file work.cif (mmCIF, C-alpha atoms)
data_final
#
loop_
_atom_site.label_atom_id
_atom_site.label_comp_id
_atom_site.auth_asym_id
_atom_site.auth_seq_id
_atom_site.Cartn_x
_atom_site.Cartn_y
_atom_site.Cartn_z
CA MET A 950 -9.69 -2.12 -10.78
CA LYS A 951 -12.40 -0.26 -12.67
CA LEU A 952 -12.79 -1.28 -16.28
CA ASP A 953 -14.23 0.86 -19.03
CA VAL A 954 -15.15 -2.13 -21.22
CA LEU A 955 -15.60 -5.81 -20.30
CA ALA A 956 -16.30 -8.41 -23.00
CA ILE A 957 -17.94 -11.62 -21.74
CA ALA A 958 -18.09 -14.79 -23.84
CA ALA A 959 -18.44 -18.55 -23.46
CA HIS A 960 -15.02 -19.73 -24.65
CA PRO A 961 -11.46 -18.49 -25.07
CA ASP A 962 -11.19 -17.03 -28.62
CA ASP A 963 -14.89 -16.01 -28.83
CA VAL A 964 -14.09 -12.41 -27.89
CA GLU A 965 -11.15 -12.22 -30.29
CA LEU A 966 -13.37 -13.39 -33.13
CA THR A 967 -16.33 -11.10 -32.46
CA CYS A 968 -15.04 -7.88 -30.92
CA GLY A 969 -11.26 -8.14 -30.60
CA GLY A 970 -10.64 -5.21 -32.92
CA THR A 971 -12.98 -2.99 -30.92
CA LEU A 972 -11.33 -3.92 -27.62
CA LEU A 973 -7.93 -3.08 -29.08
CA LYS A 974 -9.23 0.22 -30.44
CA MET A 975 -10.63 1.15 -27.04
CA ALA A 976 -7.33 0.24 -25.34
CA GLN A 977 -5.49 2.43 -27.85
CA LYS A 978 -7.80 5.28 -26.87
CA GLY A 979 -6.66 4.89 -23.26
CA TYR A 980 -9.60 2.90 -21.90
CA LYS A 981 -9.14 -0.06 -19.55
CA THR A 982 -10.51 -3.19 -21.18
CA GLY A 983 -11.06 -6.75 -19.99
CA ILE A 984 -12.18 -10.20 -21.12
CA LEU A 985 -14.14 -12.74 -19.08
CA ASP A 986 -14.16 -16.26 -20.53
CA LEU A 987 -16.97 -18.14 -18.82
CA THR A 988 -15.35 -21.52 -19.52
CA GLY A 989 -11.87 -22.80 -20.20
CA GLY A 990 -12.94 -24.40 -23.47
CA GLU A 991 -12.20 -27.83 -22.02
CA MET A 992 -14.70 -29.63 -24.26
CA GLY A 993 -13.07 -28.41 -27.45
CA THR A 994 -12.08 -31.17 -29.86
CA ARG A 995 -8.63 -29.63 -30.24
CA GLY A 996 -6.10 -28.56 -27.66
CA THR A 997 -6.27 -28.79 -23.87
CA PRO A 998 -7.50 -26.32 -21.24
CA GLU A 999 -3.87 -25.65 -20.30
CA THR A 1000 -2.93 -24.91 -23.91
CA ARG A 1001 -5.93 -22.70 -24.45
CA ALA A 1002 -5.20 -20.77 -21.25
CA LYS A 1003 -1.71 -19.98 -22.53
CA GLU A 1004 -3.12 -18.98 -25.90
CA ALA A 1005 -5.72 -16.75 -24.22
CA ALA A 1006 -3.02 -15.00 -22.20
CA LYS A 1007 -1.01 -14.40 -25.38
CA ALA A 1008 -4.05 -13.07 -27.23
CA ALA A 1009 -4.92 -10.76 -24.32
CA LYS A 1010 -1.42 -9.29 -24.45
CA ILE A 1011 -1.74 -8.69 -28.19
CA LEU A 1012 -5.07 -6.90 -27.67
CA LYS A 1013 -3.63 -4.85 -24.77
CA VAL A 1014 -6.39 -5.81 -22.34
CA SER A 1015 -5.91 -4.81 -18.70
CA TRP A 1016 -7.58 -7.92 -17.22
CA ARG A 1017 -8.57 -11.40 -18.31
CA GLY A 1018 -10.17 -14.11 -16.21
CA THR A 1019 -12.66 -16.97 -16.04
CA ILE A 1020 -15.31 -18.14 -13.59
CA GLY A 1021 -15.05 -21.85 -14.36
CA VAL A 1022 -18.46 -22.54 -15.89
CA PRO A 1023 -18.43 -26.07 -17.41
CA ASP A 1024 -17.83 -25.98 -21.15
CA SER A 1025 -20.81 -27.32 -23.17
CA ASP A 1026 -23.06 -26.62 -20.15
CA VAL A 1027 -23.16 -22.84 -19.92
CA GLN A 1028 -26.41 -22.18 -18.11
CA PRO A 1029 -27.82 -19.14 -16.27
CA THR A 1030 -27.95 -21.01 -12.96
CA ARG A 1031 -28.06 -19.15 -9.65
CA GLU A 1032 -24.52 -20.29 -8.84
CA HIS A 1033 -23.06 -19.04 -12.11
CA LYS A 1034 -24.97 -15.76 -11.97
CA LEU A 1035 -23.66 -15.05 -8.48
CA ARG A 1036 -20.09 -15.77 -9.59
CA LEU A 1037 -20.50 -13.40 -12.50
CA ALA A 1038 -22.14 -10.76 -10.32
CA GLY A 1039 -19.11 -10.92 -8.05
CA VAL A 1040 -16.81 -10.20 -11.00
CA ILE A 1041 -18.98 -7.27 -12.07
CA ARG A 1042 -18.81 -5.78 -8.58
CA LYS A 1043 -15.05 -6.23 -8.52
CA LEU A 1044 -14.30 -4.81 -11.99
CA ARG A 1045 -17.16 -2.27 -12.17
CA PRO A 1046 -17.19 -2.04 -15.99
CA HIS A 1047 -18.95 0.92 -17.60
CA THR A 1048 -19.75 -1.03 -20.79
CA VAL A 1049 -20.27 -4.79 -21.10
CA ILE A 1050 -20.19 -6.66 -24.41
CA LEU A 1051 -22.17 -9.91 -24.54
CA PRO A 1052 -22.76 -12.51 -27.26
CA TYR A 1053 -25.91 -12.07 -29.32
CA TRP A 1054 -28.86 -13.90 -27.70
CA GLU A 1055 -29.46 -16.24 -30.66
CA ALA A 1056 -26.70 -18.54 -31.90
CA ARG A 1057 -25.77 -21.89 -33.42
CA HIS A 1058 -23.82 -22.90 -30.31
CA PRO A 1059 -25.99 -23.32 -27.16
CA ASP A 1060 -23.15 -22.05 -24.96
CA HIS A 1061 -23.20 -18.73 -26.82
CA TYR A 1062 -26.88 -17.93 -26.38
CA HIS A 1063 -26.85 -19.16 -22.79
CA ALA A 1064 -23.79 -16.95 -22.19
CA SER A 1065 -25.81 -13.97 -23.36
CA ARG A 1066 -28.55 -14.58 -20.80
CA LEU A 1067 -26.10 -15.48 -18.04
CA GLY A 1068 -24.15 -12.29 -18.72
CA TYR A 1069 -27.22 -10.05 -18.62
CA GLU A 1070 -28.69 -11.60 -15.49
CA GLY A 1071 -25.33 -11.57 -13.72
CA CYS A 1072 -25.00 -7.85 -14.45
CA PHE A 1073 -28.50 -7.27 -13.12
CA LEU A 1074 -27.92 -9.21 -9.90
CA ALA A 1075 -24.70 -7.31 -9.24
CA GLY A 1076 -26.79 -4.20 -8.60
CA LEU A 1077 -29.04 -5.71 -5.92
CA LYS A 1078 -28.20 -4.13 -2.58
CA GLN A 1079 -29.61 -7.01 -0.52
CA LEU A 1080 -27.74 -9.69 -2.47
CA PRO A 1081 -25.52 -11.66 -0.02
CA LEU A 1082 -22.39 -11.05 -2.06
CA GLU A 1083 -19.08 -9.35 -1.35
CA GLY A 1084 -18.56 -5.90 -2.80
CA GLU A 1085 -20.63 -2.78 -3.32
CA PRO A 1086 -23.73 -3.06 -5.53
CA TYR A 1087 -22.98 -2.06 -9.11
CA ARG A 1088 -24.49 -2.33 -12.59
CA PRO A 1089 -22.85 -1.48 -15.92
CA PHE A 1090 -24.18 1.61 -17.68
CA LYS A 1091 -24.35 0.04 -21.13
CA ILE A 1092 -24.77 -3.51 -22.44
CA LEU A 1093 -23.89 -4.20 -26.06
CA TYR A 1094 -24.25 -7.40 -28.07
CA ALA A 1095 -21.60 -8.58 -30.52
CA THR A 1096 -23.35 -9.88 -33.63
CA SER A 1097 -20.43 -10.96 -35.83
CA PHE A 1098 -21.05 -14.70 -35.51
CA GLU A 1099 -24.68 -14.45 -36.53
CA GLY A 1100 -24.61 -11.67 -39.11
CA MET A 1101 -27.66 -9.95 -37.64
CA PRO A 1102 -28.49 -6.33 -38.59
CA ALA A 1103 -26.36 -4.06 -36.40
CA THR A 1104 -27.25 -0.93 -34.48
CA PHE A 1105 -23.77 0.40 -35.26
CA ILE A 1106 -20.45 -0.79 -36.66
CA VAL A 1107 -16.99 0.06 -35.33
CA ASP A 1108 -14.27 0.81 -37.89
CA ILE A 1109 -11.41 -1.60 -37.06
CA THR A 1110 -9.40 -1.12 -40.25
CA LYS A 1111 -6.29 0.02 -38.34
CA GLN A 1112 -6.72 -2.75 -35.77
CA TYR A 1113 -7.55 -5.58 -38.17
CA GLU A 1114 -4.09 -7.11 -38.62
CA THR A 1115 -3.45 -7.10 -34.87
CA ARG A 1116 -6.89 -8.62 -34.26
CA ARG A 1117 -5.99 -11.41 -36.68
CA LYS A 1118 -2.73 -12.03 -34.79
CA ALA A 1119 -4.76 -12.38 -31.60
CA ILE A 1120 -7.09 -14.89 -33.28
CA LEU A 1121 -4.17 -16.90 -34.67
CA ALA A 1122 -2.59 -16.93 -31.20
CA TYR A 1123 -4.96 -19.86 -30.71
CA GLY A 1124 -2.73 -22.17 -32.69
CA SER A 1125 -4.43 -25.28 -31.31
CA GLN A 1126 -7.69 -24.14 -32.88
CA PHE A 1127 -6.74 -22.35 -36.10
CA ARG A 1128 -3.33 -23.81 -36.92
CA PRO A 1129 -3.64 -27.36 -35.63
CA ALA A 1130 -1.21 -30.18 -36.27
CA ALA A 1131 -2.07 -32.45 -39.18
CA SER A 1132 -2.94 -35.25 -36.76
CA GLU A 1133 -5.66 -33.11 -35.19
CA ARG A 1134 -7.21 -32.33 -38.56
CA LYS A 1135 -7.83 -36.00 -39.35
CA GLN A 1136 -11.23 -36.18 -37.68
CA ARG A 1137 -14.60 -37.28 -38.91
CA VAL A 1138 -16.54 -34.73 -36.88
CA TYR A 1139 -17.40 -31.45 -38.60
CA LEU A 1140 -15.61 -28.54 -36.94
CA ALA A 1141 -17.00 -25.08 -37.61
CA ILE A 1142 -13.70 -23.55 -36.49
CA ASP A 1143 -12.06 -24.78 -39.70
CA GLU A 1144 -14.07 -22.10 -41.53
CA LEU A 1145 -14.03 -19.34 -38.91
CA ASP A 1146 -10.78 -17.62 -39.86
CA SER A 1147 -11.90 -17.00 -43.45
CA LYS A 1148 -15.52 -16.43 -42.43
CA MET A 1149 -14.63 -13.74 -39.92
CA ASP A 1150 -12.46 -12.03 -42.52
CA LEU A 1151 -15.38 -11.93 -44.96
CA LEU A 1152 -17.75 -10.64 -42.27
CA ALA A 1153 -15.30 -7.91 -41.24
CA ARG A 1154 -15.00 -6.81 -44.88
CA ARG A 1155 -18.77 -6.86 -45.36
CA ASN A 1156 -19.42 -4.87 -42.19
CA GLY A 1157 -16.69 -2.43 -43.09
CA ASP A 1158 -18.25 -1.92 -46.51
CA LEU A 1159 -21.56 -1.00 -44.89
CA ILE A 1160 -19.93 2.05 -43.30
CA GLY A 1161 -17.51 2.85 -46.10
CA VAL A 1162 -14.32 1.45 -44.53
CA LYS A 1163 -12.27 -1.71 -45.10
CA TYR A 1164 -13.04 -3.65 -41.91
CA GLY A 1165 -15.75 -3.35 -39.27
CA GLU A 1166 -17.21 -5.10 -36.21
CA PRO A 1167 -20.99 -4.94 -35.69
CA PHE A 1168 -22.87 -4.41 -32.44
CA LEU A 1169 -26.47 -4.28 -31.37
CA GLN A 1170 -27.99 -2.35 -28.48
CA LYS A 1171 -31.57 -2.70 -27.29
CA GLU A 1172 -31.97 0.97 -26.43
CA VAL A 1173 -32.69 3.74 -28.92
CA ALA A 1174 -29.53 5.76 -29.53
CA GLU A 1175 -29.43 9.48 -28.71
CA VAL A 1176 -27.98 11.87 -31.31
CA ASP A 1177 -26.98 15.39 -30.30
CA ASP A 1178 -25.59 16.74 -33.58
CA ILE A 1179 -27.18 15.50 -36.81
CA VAL A 1180 -24.67 17.48 -38.89
CA LYS A 1181 -21.84 15.27 -37.63
CA LEU A 1182 -23.53 11.93 -38.31
CA PRO A 1183 -21.03 9.63 -40.05
CA VAL A 1184 -21.51 7.36 -43.11
CA ARG A 1185 -22.56 8.96 -46.39
CA SER A 1186 -26.15 8.44 -47.54
CA ILE A 1187 -25.72 9.09 -51.29
#

call {"tool": "encode", "arguments": {"input": "work.cif", "output": "structure tokens"}}
result
Amino acid sequence: MKLDVLAIAAHPDDVELTCGGTLLKMAQKGYKTGILDLTGGEMGTRGTPETRAKEAAKAAKILKVSWRGTIGVPDSDVQPTREHKLRLAGVIRKLRPHTVILPYWEARHPDHYHASRLGYEGCFLAGLKQLPLEGEPYRPFKILYATSFEGMPATFIVDITKQYETRRKAILAYGSQFRPAASERKQRVYLAIDELDSKMDLLARRNGDLIGVKYGEPFLQKEVAEVDDIVKLPVRSI
């Protein structure tokens, strides 16, 4: 399989929350998309790894992704170790994605910023010819960073207005996280996920407003963007 777009994140539901609308939009354009969850989310306060795996499969179907998998990195201990980078490099060689989406490199959750570094270094290693790893050397053409969680200034924003409701269905497919039983809500520990559904809605509206649409998902790229036709640049200035 050769993917056009592969989104890599620390936990099941991270991709849905940060770039699910964009993945769906790309699939609707005919591109092959995929999701790599580094962990199974086994340290989550709610749900079980088995439940979350079922929810992830359901969400992937809603977003029309062509492939979803995991490499079994321990949840709460996502680190760019040699072992994990080699596992990830093997996936990159197998799927050969043109574009990879990673979490932004600064975050509240340590797993998220470590996932960013692990993802980048795994993509780099995949291209080393002398690396003792199965498969032909390969590196993605483009690496993008999803910035929704952190609200950082974006390089560009994707209009997901038509995909928004389906994206929300994919997020809510994680019933153990966003629609938990009353017994699971009676906990003394603060859970950021209790605010995520409404927070992500507000962020999508804010990012959409920045480009003159209803809903948007922001991305950052480290490279300067090339523009061929300045007459066709979108987003009105005045």

call {"tool": "resolve_selection", "arguments": {"input": "work.cif", "expression": "the PyMOL selection byres ((chain A and resi 1085) around 10)", "output": "number ranges by chain"}}
result
A: 1039, 1041-1043, 1045, 1075-1078, 1080, 1082-1084, 1086-1087

call {"tool": "resolve_selection", "arguments": {"input": "work.cif", "expression": "the PyMOL selection byres ((chain A and resi 1095) around 9)", "output": "list in words"}}
result
Val964, Thr967, Cys968, Ile1050, Leu1051, Pro1052, Tyr1053, Leu1093, Tyr1094, Thr1096, Ser1097, Phe1098, Glu1099, Ala1103, Glu1166, Pro1167, Phe1168 and Leu1169 of chain A

call {"tool": "closest_residue", "arguments": {"input": "work.cif", "among": "A:Ala1038, A:Tyr1113, A:Phe1127, A:Leu1182", "to": "Gly969 (chain A)", "atoms": "all atoms listed in the file"}}
result
A:Tyr1113

call {"tool": "resolve_selection", "arguments": {"input": "work.cif", "expression": "the PyMOL selection byres ((chain A and resi 962) around 8)", "output": "MDAnalysis selection string"}}
result
chainID A and resid 960:961 963:966 1005 1120 1123

call {"tool": "closest_residue", "arguments": {"input": "work.cif", "among": "A:Gly970, A:Gly993, A:Gly1071, A:Gly1018", "to": "Pro1089 (chain A)", "atoms": "all atoms listed in the file"}}
result
A:Gly1071

call {"tool": "residues_around", "arguments": {"input": "work.cif", "residues": "region 1006-1016 of chain A", "least_positions_apart": "2", "cutoff": "12 Å", "atoms": "only C-alpha atoms", "output": "ChimeraX atom specification"}}
result
/A:950-957,961-966,968-986,989,999-1004,1018-1019,1040,1043-1044,1046,1112-1124

call {"tool": "closest_residue", "arguments": {"input": "work.cif", "among": "A:Thr1110, A:Arg1036, A:Leu1067, A:Phe1105", "to": "Pro1081 (chain A)", "atoms": "all atoms listed in the file"}}
result
A:Arg1036

call {"tool": "closest_residue", "arguments": {"input": "work.cif", "among": "A:Met1149, A:Leu987, A:Val1049, A:Val1180", "to": "Gln1028 (chain A)", "atoms": "only C-alpha atoms"}}
result
A:Leu987

call {"tool": "residues_around", "arguments": {"input": "work.cif", "residues": "Val1162 (chain A)", "least_positions_apart": "4", "cutoff": "9 Å", "atoms": "all atoms listed in the file", "output": "list of chain:residue names"}}
result
A:Asp1108, A:Ile1109, A:Thr1110, A:Arg1154, A:Asn1156, A:Gly1157, A:Asp1158

call {"tool": "residues_near_point", "arguments": {"input": "work.cif", "point": "(-30.4, -12.3, -10.9)", "cutoff": "8 Å", "atoms": "only C-alpha atoms", "output": "list in words"}}
result
Arg1031, Lys1034, Leu1035, Glu1070, Gly1071, Cys1072, Phe1073, Leu1074 and Ala1075 of chain A

call {"tool": "write_last_selection", "arguments": {"input": "work.cif", "atoms": "C-alpha atoms", "output": "mmCIF file, in the frame of the given file"}}
result
data_model
loop_
_atom_site.group_PDB
_atom_site.id
_atom_site.type_symbol
_atom_site.label_atom_id
_atom_site.label_comp_id
_atom_site.auth_asym_id
_atom_site.auth_seq_id
_atom_site.Cartn_x
_atom_site.Cartn_y
_atom_site.Cartn_z
ATOM 1 C CA ARG A 1031 -28.060 -19.150 -9.650
ATOM 2 C CA LYS A 1034 -24.970 -15.760 -11.970
ATOM 3 C CA LEU A 1035 -23.660 -15.050 -8.480
ATOM 4 C CA GLU A 1070 -28.690 -11.600 -15.490
ATOM 5 C CA GLY A 1071 -25.330 -11.570 -13.720
ATOM 6 C CA CYS A 1072 -25.000 -7.850 -14.450
ATOM 7 C CA PHE A 1073 -28.500 -7.270 -13.120
ATOM 8 C CA LEU A 1074 -27.920 -9.210 -9.900
ATOM 9 C CA ALA A 1075 -24.700 -7.310 -9.240
#
